[in-house]
Amino acid sequence: MTTRNLDALFHPRAIALVGASNRTGTVGALAARNLFEAGFEGPILSVNPKERAIRSSLNYASVADLPIPVDLAVVAAPPDQVPGVISQLGEKGCRAAVVLPAGYGPGEQFEGAEQRQALLDAARPHLLRIIGPNGLGFISTRAHINASIAHLMPAKGDVAFVSQSDTMTAAVLDWAHARGIGFSHVAALGEKADVDFGDLLDYLALDNTTRAILLYVESIADARKFMSAGRIAARAKPVIVIKAGRSVAGAQAALSHTGVLAGSDLVFDAALRRAGMLRVHEMRELFEAVTTLSAGIRLAGERLAILTNGGGAGVVAVDALEGSAGRLGTLLPGTVEALDKALPRTWSRSNPVDIQADADGARYGAALKALLADKGSDAVLVLHAPNALSDSSAAAEGVMAVLETRPRAPVLTCWLGESAAANARRRFAGRRIPTYDTPDEAVRAFGHLVAYQRNQTLLMETPPARSFDEPDRPAARRLVEGVLAAGRSALTEVEAKAVLAAYDIPVVDTRIATTPEEAGRLAAEIGFPVVVKVLSHDLTHKSDVGGVRLDLRTCAAVEDACRAIIASVAEKRPGARIAGFTVQAMIRRPNAQELIAGIGYDETFGPVVLFGQGGTAVEVIGDRAVALPPLNGVLAREMIERTRVAKLLAGYRDHPPADMNAVACTLVKVAELLADLPQIAELDINPLLADEHGVLALDARIVVHPTRVEGTRRFAIKPYPSDMSKRLDLTDGSTVALRPIRPEDEPGLVDVVHRSDPQDVRMRFLGSVKDFPHLMAARLSQIDYDREMAFVAQEDNGDICGVVRIIADPDNDAAEYAIMVRSDFKGKGLGFQLMSEILAHARKRGLRQVFGDVMRENGPMLRLAEDLGFKVTPGSEDPSVMRVVLNLDMPSAVGASVPLEV
């Protein structure tokens with residue numbers, strides 16, 4: 001359940017307060033004060049069996065006595081009474097409730113899973129939504145609702161704050177009140193028994209009174225819902241997150257390097273980045289980020305120009321920039337020439353642009369114009385230090401005059417000082433020009449812009465076309481299932497490399513010997529020099545017990561190395577059983593970097609992919625990046641760029657650049673392997689050599705167990721459904737491939753539009769479409785498979801000839817469909833087949849209804865809809881549009897004669 005009935009929380013017609021009290025100091029009295037004094041325009045009805053009136057308002061003895069239906073209830077009853085109260089409220093038609101703690105002593109708060117479950121069981125038959133229990137409550141300044149026990153009512157604003165902590169909620173309200181910051185809505189979720197972050201993100205994404213969303217998070221219960229809702233919300237407005245707890249405890253129990261390196265906080269960072277949200281670490285930073293991101297500034301890059309009337313302030317800003325996500329811009333010759341004409345001869349002639357202490361408004365304006373035109377920077381930070389030679393307000397006027405004609409120009413301001421700067425700051429804030437107290441705060445804000453822009457770009461960047469074939473999934477599956485059937489949890493090195501080879505990850509040929517003598521013979525067959533490693537199911541890391549010998553050049557050396565390995569293992573791990581040895585060629589690639597790639601498991605977000613610098617000292621080096629699967633080429637490259645070893649891979653001195661495409665493809669393949677083989681819990685490829693010739697896996701370790709969560713539910717982001725591909729037979733005797741859409745299909749969607757008759761395009765998009773911009777095409781190709789599905793029909797040459805999609809609501813109840821067939825494929829039955837496939841998918845996922853809007857003049861589509869069982873009715877507003885609706889519990893029309901093509 002997600003947004004269902006949340007309208008009763010945000011827009012109730014009547015409110016009940018159950019457990020209201022007149023006794024000072026009680027939760028019931030505090031809730032009554034807040035609720036009655038907030039100014040709610042509808043009726044507020046109080047319930048208390050022992051009171052005649054609450055705050056001079058007629059009181060009722062029970063919920064059953066309430067004379068009118070209520071949409072929202074605020075419950076301050078003892079925990080053992082709350083399930084009964086919720087049941088009674090549901091029977092009276094109530095659709096949402098805020099469950100406050102009855103008090104603060106033992107037995108006065110919900111404790112344990114049984115009490116929470118009783119609460120949910122009481123609410124479920126009525127679909128009644130619960131905020132809490134044990135939360136501070138809910139506030140909506142727009143609706144004048146204060147259903148909380150907060151110590152103050154915040155001012156009206158356009159920022160929503162959703163928190164898991166009562167104390168943090170109260171602190172933020174107090175902090176914001178002192179600074180004149182308002183909110184649209186505030187929700188303290190308490191124990192999140194029902195309504196959680198994902199639910200409210202879904203709702204607030206479409207709330208036109210909310211310009212930005214702030215989250216204080218301690219834990220995530222449903223990672224997939226959080227990620228789906230977060231990605232939707234972050235596309236619509238800034239979502240800024242503070243996360244409590246940055247511990248990596250719990251990862252140490254993992255058997256693989258990747259399990260140890262992928263700490264939970266690192267994974268949370270990766271999740272927010274993938275969803276397009278921004279993470280901050282301090283309360284002040286939270287509101288700084290809101291101010292910055294909600295100003296509507298969009299950056300083209302990460303280079304900053306600094307304009308200042310004081311050299312010291314500029315140096316402080318440069319120092320702060322050194323450790324941020326941005327970097328210092330470079331003044332182009334044309335900019336220097338323009339500044340020479342506008343500034344005194346003594347200006348700095350470099351970035352920071354020091355325009356001298358006596359700079360007036362005109363000088364600030366002229367310098368700012370020149371810097372905004374400079375292609376060597378992407379934003380400008382304007383600093384002003386108070387002094388006797390310069391008027392702070394006049395300098396601000398010069399800046400604002402320039403921004404009058406460029407209201408969303410990438411400009412940040414910082415007027416230092418207190419009394420001298422106060423008026424300028426007020427003027428900037430009034431015009432929604434981001435302004436900060438100190439240079440380091442301003443630079444940090446620029447870092448927020450850079451990080452946010454990167455995350456948003458990742459949401460919409462088109463990945464390159466896949467450059468590798470589909471893997472041999474059956475072969476890999478047989479290997480893993482064979483190991484599990486044998487009662488083992490770890491694959492041998494040879495087995496692990498065979499799994500990698502099935503996914504077209506290059507591996508070094510490795511053979512197994514059971515005796516030192518056999519190892520010598522195999523080495524001679526392979527050719528010297530060779531590497532010998534111990535083969536044992538009892539050993540996790542071979543190097544730790546002296547189980548690896550390198551650069552062996554004779555049969556005798558190989559046999560001696562095997563005997564030395566036996567002795568070393570006996571000394572360091574007595575009792576470890578040795579099954580034999582692996583023998584492989586000694587690889588010499590002098591320019592190669594040693595990398596690690598693999599997978600681990602996070603308790604909240606499920607499987608993750610890890611990449612970084614490899615080798616035996618991988619944990620000591622600690623150079624790693626993690627990402628949530630699935631991956632594509634763009635996401636894999638971004639992951640690589642977040643590591644220090646990326647600079648070495650780019651090439652240096654006499655070392656040529658490594659084949660970055662091969663490295664990125666390996667990460668994509670690892671992510672696919674993870675999706676296809678749910679039994680794999682951990683995987684290390686270490687070292688993975690990478691140079692100008694490609695990649696090569698020298699060693700690999702895979703740990704397996706029966707999957708904890710069936711299928712792909714364990715993924716925070718549903719992976720690509722590769723098992724849904726098939727062939728479709730068309731009426732002209734030809735066939736096309738049908739498969740789920742991929743992000744890489746964006747150019748193919750654009751091609752369909754360009755190769756179609758303009759009239760067909762107009763029918764699909766309900767209006768004239770002269771261009772098909774990147775953002776639209778990216779949004780249609782980069783879908784959330786958990787809430788959407790799109791099938792593409794593809795010719796044998798790879799061209800897309802048709803696409804059909806559904807987008808479900810957050811409750812997975814109803815979905816809107818859309819379809820387009822390339823004009824030259826009309827009349828072949830493709831439209832009917834696509835609609836049949838998408839409706840079959842909708843039924844399989846449990847949707848109740850599919851609907852769509854069709855232009856009244858689109859006769860073929862309306863006839864197709866009727867043949868498939870849709871009911872056709874006039875649209876709600878536009879008379880030229882018809883609404884078609886299919887209730888999926890009705891018998892399917894698939895199998896009827898093929899109608900006219902769309």
# chains A, B, ... in the order shown; residues from 1 in each chain; ligands from 1

$ residues_around --residues "Val353 in chain A" --least-positions-apart "3" --cutoff "7 Å" --atoms "only C-alpha atoms" --output "list of chain:residue names"
A:Ile306, A:Leu307, A:Thr308, A:Ser348, A:Arg349, A:Ser350

$ select_by_dssp --residues "range 680-813 of chain A" --states "alpha helix (DSSP H)" --output "VMD selection string"
chain A and resid 746 to 754 758 to 765 774 to 781

$ select_by_dssp --residues "range 223-403 of chain A" --states "strand (DSSP E or B)" --output "PyMOL selection string"
chain A and resi 239-243+278-280+303-308+327-328+353-354+379-384+387+390

$ closest_residue --among "A:Ala519, A:Val850, A:Leu200, A:Ala32" --to "Leu215 in chain A" --atoms "only C-alpha atoms"
A:Leu200

$ atom_distance --atom1 "CA of Gly132 in chain A" --atom2 "CA of Val195 in chain A"
7.6 Å

$ residues_around --residues "Leu667 in chain A" --least-positions-apart "3" --cutoff "12 Å" --atoms "only C-alpha atoms" --output "PDB file with N, CA and C atoms, in the first residue's frame"
ATOM      1  N   LEU A 500      32.264 -17.049 -14.750  1.00  0.00           N
ATOM      2  CA  LEU A 500      32.627 -15.778 -15.387  1.00  0.00           C
ATOM      3  C   LEU A 500      32.714 -15.940 -16.902  1.00  0.00           C
ATOM      4  N   TYR A 503      29.644 -15.632 -18.839  1.00  0.00           N
ATOM      5  CA  TYR A 503      29.190 -14.252 -19.016  1.00  0.00           C
ATOM      6  C   TYR A 503      30.203 -13.428 -19.822  1.00  0.00           C
ATOM      7  N   ASP A 504      31.059 -14.129 -20.554  1.00  0.00           N
ATOM      8  CA  ASP A 504      31.999 -13.496 -21.478  1.00  0.00           C
ATOM      9  C   ASP A 504      32.959 -12.550 -20.753  1.00  0.00           C
ATOM     10  N   ILE A 505      33.307 -12.887 -19.517  1.00  0.00           N
ATOM     11  CA  ILE A 505      34.359 -12.156 -18.802  1.00  0.00           C
ATOM     12  C   ILE A 505      35.651 -12.935 -19.023  1.00  0.00           C
ATOM     13  N   LEU A 595      42.780  -4.629 -10.441  1.00  0.00           N
ATOM     14  CA  LEU A 595      41.483  -4.134  -9.990  1.00  0.00           C
ATOM     15  C   LEU A 595      40.756  -5.227  -9.215  1.00  0.00           C
ATOM     16  N   ILE A 596      39.704  -4.823  -8.539  1.00  0.00           N
ATOM     17  CA  ILE A 596      38.780  -5.771  -7.940  1.00  0.00           C
ATOM     18  C   ILE A 596      37.378  -5.420  -8.407  1.00  0.00           C
ATOM     19  N   ALA A 597      36.630  -6.437  -8.769  1.00  0.00           N
ATOM     20  CA  ALA A 597      35.227  -6.264  -9.136  1.00  0.00           C
ATOM     21  C   ALA A 597      34.467  -7.412  -8.505  1.00  0.00           C
ATOM     22  N   GLY A 598      33.283  -7.117  -8.030  1.00  0.00           N
ATOM     23  CA  GLY A 598      32.541  -8.201  -7.406  1.00  0.00           C
ATOM     24  C   GLY A 598      31.211  -7.749  -6.867  1.00  0.00           C
ATOM     25  N   ILE A 599      30.623  -8.600  -6.051  1.00  0.00           N
ATOM     26  CA  ILE A 599      29.318  -8.306  -5.487  1.00  0.00           C
ATOM     27  C   ILE A 599      29.321  -8.623  -3.998  1.00  0.00           C
ATOM     28  N   VAL A 608      24.817  -5.589  -4.086  1.00  0.00           N
ATOM     29  CA  VAL A 608      25.508  -4.406  -4.602  1.00  0.00           C
ATOM     30  C   VAL A 608      26.710  -4.862  -5.412  1.00  0.00           C
ATOM     31  N   VAL A 609      27.124  -4.027  -6.350  1.00  0.00           N
ATOM     32  CA  VAL A 609      28.327  -4.268  -7.141  1.00  0.00           C
ATOM     33  C   VAL A 609      29.429  -3.376  -6.601  1.00  0.00           C
ATOM     34  N   LEU A 610      30.652  -3.934  -6.486  1.00  0.00           N
ATOM     35  CA  LEU A 610      31.791  -3.174  -5.974  1.00  0.00           C
ATOM     36  C   LEU A 610      32.911  -3.158  -7.004  1.00  0.00           C
ATOM     37  N   PHE A 611      33.622  -2.030  -7.037  1.00  0.00           N
ATOM     38  CA  PHE A 611      34.771  -1.884  -7.934  1.00  0.00           C
ATOM     39  C   PHE A 611      35.832  -1.049  -7.236  1.00  0.00           C
ATOM     40  N   GLY A 612      37.087  -1.341  -7.507  1.00  0.00           N
ATOM     41  CA  GLY A 612      38.165  -0.527  -6.947  1.00  0.00           C
ATOM     42  C   GLY A 612      39.526  -1.091  -7.297  1.00  0.00           C
ATOM     43  N   ALA A 625      34.299   1.807  -4.913  1.00  0.00           N
ATOM     44  CA  ALA A 625      33.005   2.429  -5.152  1.00  0.00           C
ATOM     45  C   ALA A 625      31.987   1.316  -5.226  1.00  0.00           C
ATOM     46  N   VAL A 626      30.779   1.581  -4.744  1.00  0.00           N
ATOM     47  CA  VAL A 626      29.713   0.591  -4.837  1.00  0.00           C
ATOM     48  C   VAL A 626      28.550   1.198  -5.603  1.00  0.00           C
ATOM     49  N   ALA A 627      27.755   0.331  -6.197  1.00  0.00           N
ATOM     50  CA  ALA A 627      26.572   0.760  -6.951  1.00  0.00           C
ATOM     51  C   ALA A 627      25.507  -0.302  -6.832  1.00  0.00           C
ATOM     52  N   LEU A 628      24.273   0.143  -6.923  1.00  0.00           N
ATOM     53  CA  LEU A 628      23.158  -0.788  -6.918  1.00  0.00           C
ATOM     54  C   LEU A 628      22.941  -1.317  -8.329  1.00  0.00           C
ATOM     55  N   PRO A 629      22.805  -2.637  -8.477  1.00  0.00           N
ATOM     56  CA  PRO A 629      22.445  -3.167  -9.789  1.00  0.00           C
ATOM     57  C   PRO A 629      20.975  -2.896 -10.069  1.00  0.00           C
ATOM     58  N   PRO A 630      20.560  -2.936 -11.345  1.00  0.00           N
ATOM     59  CA  PRO A 630      21.353  -3.261 -12.528  1.00  0.00           C
ATOM     60  C   PRO A 630      22.196  -2.076 -12.976  1.00  0.00           C
ATOM     61  N   LEU A 631      23.211  -2.366 -13.791  1.00  0.00           N
ATOM     62  CA  LEU A 631      24.091  -1.333 -14.318  1.00  0.00           C
ATOM     63  C   LEU A 631      23.978  -1.286 -15.839  1.00  0.00           C
ATOM     64  N   ASN A 632      24.344  -0.132 -16.385  1.00  0.00           N
ATOM     65  CA  ASN A 632      24.553   0.005 -17.821  1.00  0.00           C
ATOM     66  C   ASN A 632      25.890   0.700 -18.013  1.00  0.00           C
ATOM     67  N   GLY A 633      26.238   0.978 -19.261  1.00  0.00           N
ATOM     68  CA  GLY A 633      27.552   1.550 -19.530  1.00  0.00           C
ATOM     69  C   GLY A 633      27.802   2.869 -18.835  1.00  0.00           C
ATOM     70  N   VAL A 634      26.802   3.747 -18.801  1.00  0.00           N
ATOM     71  CA  VAL A 634      26.955   5.053 -18.155  1.00  0.00           C
ATOM     72  C   VAL A 634      27.170   4.893 -16.650  1.00  0.00           C
ATOM     73  N   LEU A 635      26.340   4.081 -16.015  1.00  0.00           N
ATOM     74  CA  LEU A 635      26.456   3.887 -14.567  1.00  0.00           C
ATOM     75  C   LEU A 635      27.768   3.210 -14.207  1.00  0.00           C
ATOM     76  N   ALA A 636      28.216   2.270 -15.032  1.00  0.00           N
ATOM     77  CA  ALA A 636      29.476   1.592 -14.759  1.00  0.00           C
ATOM     78  C   ALA A 636      30.652   2.565 -14.857  1.00  0.00           C
ATOM     79  N   ARG A 637      30.644   3.420 -15.865  1.00  0.00           N
ATOM     80  CA  ARG A 637      31.741   4.382 -16.001  1.00  0.00           C
ATOM     81  C   ARG A 637      31.740   5.394 -14.862  1.00  0.00           C
ATOM     82  N   GLU A 638      30.558   5.834 -14.447  1.00  0.00           N
ATOM     83  CA  GLU A 638      30.479   6.756 -13.313  1.00  0.00           C
ATOM     84  C   GLU A 638      31.025   6.095 -12.052  1.00  0.00           C
ATOM     85  N   MET A 639      30.751   4.836 -11.887  1.00  0.00           N
ATOM     86  CA  MET A 639      31.257   4.079 -10.746  1.00  0.00           C
ATOM     87  C   MET A 639      32.786   4.025 -10.767  1.00  0.00           C
ATOM     88  N   ILE A 640      33.342   3.759 -11.936  1.00  0.00           N
ATOM     89  CA  ILE A 640      34.802   3.713 -12.078  1.00  0.00           C
ATOM     90  C   ILE A 640      35.419   5.066 -11.732  1.00  0.00           C
ATOM     91  N   MET A 660      38.806   1.269 -21.140  1.00  0.00           N
ATOM     92  CA  MET A 660      37.758   1.579 -20.162  1.00  0.00           C
ATOM     93  C   MET A 660      36.436   0.917 -20.529  1.00  0.00           C
ATOM     94  N   ASN A 661      36.194   0.726 -21.814  1.00  0.00           N
ATOM     95  CA  ASN A 661      34.956   0.068 -22.219  1.00  0.00           C
ATOM     96  C   ASN A 661      34.939  -1.375 -21.729  1.00  0.00           C
ATOM     97  N   ALA A 662      36.094  -2.047 -21.786  1.00  0.00           N
ATOM     98  CA  ALA A 662      36.177  -3.430 -21.310  1.00  0.00           C
ATOM     99  C   ALA A 662      35.944  -3.506 -19.812  1.00  0.00           C
ATOM    100  N   VAL A 663      36.483  -2.536 -19.055  1.00  0.00           N
ATOM    101  CA  VAL A 663      36.278  -2.522 -17.603  1.00  0.00           C
ATOM    102  C   VAL A 663      34.801  -2.286 -17.293  1.00  0.00           C
ATOM    103  N   ALA A 664      34.209  -1.290 -17.980  1.00  0.00           N
ATOM    104  CA  ALA A 664      32.800  -0.981 -17.729  1.00  0.00           C
ATOM    105  C   ALA A 664      31.905  -2.170 -18.101  1.00  0.00           C
ATOM    106  N   VAL A 670      28.872  -8.389 -14.495  1.00  0.00           N
ATOM    107  CA  VAL A 670      28.785  -8.842 -13.102  1.00  0.00           C
ATOM    108  C   VAL A 670      27.396  -8.557 -12.540  1.00  0.00           C
ATOM    109  N   ALA A 671      26.854  -7.374 -12.851  1.00  0.00           N
ATOM    110  CA  ALA A 671      25.520  -7.021 -12.370  1.00  0.00           C
ATOM    111  C   ALA A 671      24.468  -7.944 -12.988  1.00  0.00           C
ATOM    112  N   GLU A 672      24.616  -8.308 -14.262  1.00  0.00           N
ATOM    113  CA  GLU A 672      23.668  -9.223 -14.898  1.00  0.00           C
ATOM    114  C   GLU A 672      23.767 -10.614 -14.291  1.00  0.00           C
ATOM    115  N   LEU A 673      24.985 -11.043 -14.029  1.00  0.00           N
ATOM    116  CA  LEU A 673      25.196 -12.337 -13.392  1.00  0.00           C
ATOM    117  C   LEU A 673      24.476 -12.386 -12.048  1.00  0.00           C
ATOM    118  N   LEU A 674      24.566 -11.296 -11.329  1.00  0.00           N
ATOM    119  CA  LEU A 674      23.918 -11.190 -10.022  1.00  0.00           C
ATOM    120  C   LEU A 674      22.405 -11.309 -10.139  1.00  0.00           C
ATOM    121  N   LEU A 683      30.929 -12.380  -4.545  1.00  0.00           N
ATOM    122  CA  LEU A 683      31.812 -12.682  -5.663  1.00  0.00           C
ATOM    123  C   LEU A 683      32.986 -11.717  -5.641  1.00  0.00           C
ATOM    124  N   ASP A 684      34.176 -12.262  -5.803  1.00  0.00           N
ATOM    125  CA  ASP A 684      35.394 -11.450  -5.987  1.00  0.00           C
ATOM    126  C   ASP A 684      36.038 -11.827  -7.301  1.00  0.00           C
ATOM    127  N   ILE A 685      36.359 -10.842  -8.106  1.00  0.00           N
ATOM    128  CA  ILE A 685      37.331 -11.025  -9.185  1.00  0.00           C
ATOM    129  C   ILE A 685      38.529 -10.192  -8.770  1.00  0.00           C
ATOM    130  N   LEU A 688      41.647  -8.382 -11.175  1.00  0.00           N
ATOM    131  CA  LEU A 688      41.169  -8.223 -12.542  1.00  0.00           C
ATOM    132  C   LEU A 688      42.165  -7.292 -13.216  1.00  0.00           C
ATOM    133  N   VAL A 695      40.650  -6.666 -20.434  1.00  0.00           N
ATOM    134  CA  VAL A 695      40.671  -7.135 -19.043  1.00  0.00           C
ATOM    135  C   VAL A 695      40.906  -8.639 -19.028  1.00  0.00           C
TER     136      VAL A 695
END

$ closest_residue --among "A:Gly482, A:Gly831, A:Pro386, A:Pro78" --to "Leu730 in chain A" --atoms "only C-alpha atoms"
A:Gly831

$ atom_distance --atom1 "CA of Gly875 in chain A" --atom2 "CA of Glu857 in chain A"
13.1 Å

$ closest_residue --among "A:Leu689, A:Val530, A:Leu266, A:Val668" --to "Arg589 in chain A" --atoms "only C-alpha atoms"
A:Leu689

$ atom_distance --atom1 "CA of Asn309 in chain A" --atom2 "CA of Glu285 in chain A"
25.9 Å

$ decode --residues "range 469-487 of chain A" --atoms "N, CA, C and O atoms" --output "PDB file, in the first residue's frame"
ATOM      1  N   ASP A 469      27.543  -9.947 -26.350  1.00  0.00           N
ATOM      2  CA  ASP A 469      26.406 -10.835 -26.594  1.00  0.00           C
ATOM      3  C   ASP A 469      25.743 -11.247 -25.286  1.00  0.00           C
ATOM      4  O   ASP A 469      26.276 -11.040 -24.192  1.00  0.00           O
ATOM      5  N   GLU A 470      24.575 -11.848 -25.430  1.00  0.00           N
ATOM      6  CA  GLU A 470      23.890 -12.378 -24.264  1.00  0.00           C
ATOM      7  C   GLU A 470      24.707 -13.513 -23.650  1.00  0.00           C
ATOM      8  O   GLU A 470      25.347 -14.290 -24.358  1.00  0.00           O
ATOM      9  N   PRO A 471      24.705 -13.645 -22.316  1.00  0.00           N
ATOM     10  CA  PRO A 471      25.523 -14.685 -21.663  1.00  0.00           C
ATOM     11  C   PRO A 471      24.933 -16.076 -21.843  1.00  0.00           C
ATOM     12  O   PRO A 471      23.766 -16.237 -22.242  1.00  0.00           O
ATOM     13  N   ASP A 472      25.731 -17.087 -21.530  1.00  0.00           N
ATOM     14  CA  ASP A 472      25.266 -18.473 -21.528  1.00  0.00           C
ATOM     15  C   ASP A 472      24.698 -18.760 -20.134  1.00  0.00           C
ATOM     16  O   ASP A 472      25.339 -19.390 -19.293  1.00  0.00           O
ATOM     17  N   ARG A 473      23.490 -18.283 -19.901  1.00  0.00           N
ATOM     18  CA  ARG A 473      22.886 -18.402 -18.570  1.00  0.00           C
ATOM     19  C   ARG A 473      22.696 -19.855 -18.138  1.00  0.00           C
ATOM     20  O   ARG A 473      22.951 -20.193 -16.973  1.00  0.00           O
ATOM     21  N   PRO A 474      22.230 -20.744 -19.025  1.00  0.00           N
ATOM     22  CA  PRO A 474      22.046 -22.139 -18.585  1.00  0.00           C
ATOM     23  C   PRO A 474      23.334 -22.781 -18.069  1.00  0.00           C
ATOM     24  O   PRO A 474      23.314 -23.515 -17.080  1.00  0.00           O
ATOM     25  N   ALA A 475      24.471 -22.524 -18.726  1.00  0.00           N
ATOM     26  CA  ALA A 475      25.738 -23.117 -18.291  1.00  0.00           C
ATOM     27  C   ALA A 475      26.118 -22.618 -16.900  1.00  0.00           C
ATOM     28  O   ALA A 475      26.533 -23.407 -16.034  1.00  0.00           O
ATOM     29  N   ALA A 476      25.983 -21.316 -16.678  1.00  0.00           N
ATOM     30  CA  ALA A 476      26.314 -20.761 -15.365  1.00  0.00           C
ATOM     31  C   ALA A 476      25.366 -21.301 -14.292  1.00  0.00           C
ATOM     32  O   ALA A 476      25.789 -21.630 -13.177  1.00  0.00           O
ATOM     33  N   ARG A 477      24.092 -21.411 -14.647  1.00  0.00           N
ATOM     34  CA  ARG A 477      23.105 -21.904 -13.671  1.00  0.00           C
ATOM     35  C   ARG A 477      23.402 -23.351 -13.280  1.00  0.00           C
ATOM     36  O   ARG A 477      23.296 -23.726 -12.106  1.00  0.00           O
ATOM     37  N   ARG A 478      23.806 -24.181 -14.245  1.00  0.00           N
ATOM     38  CA  ARG A 478      24.125 -25.579 -13.936  1.00  0.00           C
ATOM     39  C   ARG A 478      25.300 -25.686 -12.971  1.00  0.00           C
ATOM     40  O   ARG A 478      25.299 -26.513 -12.048  1.00  0.00           O
ATOM     41  N   LEU A 479      26.305 -24.852 -13.157  1.00  0.00           N
ATOM     42  CA  LEU A 479      27.466 -24.872 -12.275  1.00  0.00           C
ATOM     43  C   LEU A 479      27.074 -24.535 -10.836  1.00  0.00           C
ATOM     44  O   LEU A 479      27.466 -25.231  -9.889  1.00  0.00           O
ATOM     45  N   VAL A 480      26.303 -23.450 -10.675  1.00  0.00           N
ATOM     46  CA  VAL A 480      25.914 -23.011  -9.337  1.00  0.00           C
ATOM     47  C   VAL A 480      25.014 -24.043  -8.668  1.00  0.00           C
ATOM     48  O   VAL A 480      25.196 -24.390  -7.488  1.00  0.00           O
ATOM     49  N   GLU A 481      24.044 -24.556  -9.397  1.00  0.00           N
ATOM     50  CA  GLU A 481      23.135 -25.543  -8.813  1.00  0.00           C
ATOM     51  C   GLU A 481      23.864 -26.827  -8.455  1.00  0.00           C
ATOM     52  O   GLU A 481      23.532 -27.491  -7.465  1.00  0.00           O
ATOM     53  N   GLY A 482      24.893 -27.196  -9.228  1.00  0.00           N
ATOM     54  CA  GLY A 482      25.678 -28.378  -8.911  1.00  0.00           C
ATOM     55  C   GLY A 482      26.440 -28.230  -7.607  1.00  0.00           C
ATOM     56  O   GLY A 482      26.533 -29.175  -6.809  1.00  0.00           O
ATOM     57  N   VAL A 483      26.994 -27.048  -7.363  1.00  0.00           N
ATOM     58  CA  VAL A 483      27.714 -26.799  -6.115  1.00  0.00           C
ATOM     59  C   VAL A 483      26.756 -26.870  -4.931  1.00  0.00           C
ATOM     60  O   VAL A 483      27.062 -27.474  -3.896  1.00  0.00           O
ATOM     61  N   LEU A 484      25.574 -26.254  -5.058  1.00  0.00           N
ATOM     62  CA  LEU A 484      24.593 -26.297  -3.969  1.00  0.00           C
ATOM     63  C   LEU A 484      24.123 -27.723  -3.723  1.00  0.00           C
ATOM     64  O   LEU A 484      23.932 -28.138  -2.566  1.00  0.00           O
ATOM     65  N   ALA A 485      23.935 -28.498  -4.791  1.00  0.00           N
ATOM     66  CA  ALA A 485      23.496 -29.881  -4.637  1.00  0.00           C
ATOM     67  C   ALA A 485      24.542 -30.711  -3.912  1.00  0.00           C
ATOM     68  O   ALA A 485      24.208 -31.680  -3.204  1.00  0.00           O
ATOM     69  N   ALA A 486      25.813 -30.330  -4.060  1.00  0.00           N
ATOM     70  CA  ALA A 486      26.897 -31.043  -3.375  1.00  0.00           C
ATOM     71  C   ALA A 486      27.056 -30.603  -1.927  1.00  0.00           C
ATOM     72  O   ALA A 486      27.928 -31.125  -1.216  1.00  0.00           O
ATOM     73  N   GLY A 487      26.228 -29.654  -1.487  1.00  0.00           N
ATOM     74  CA  GLY A 487      26.292 -29.200  -0.095  1.00  0.00           C
ATOM     75  C   GLY A 487      27.406 -28.229   0.183  1.00  0.00           C
ATOM     76  O   GLY A 487      27.760 -27.997   1.352  1.00  0.00           O
TER      77      GLY A 487
END
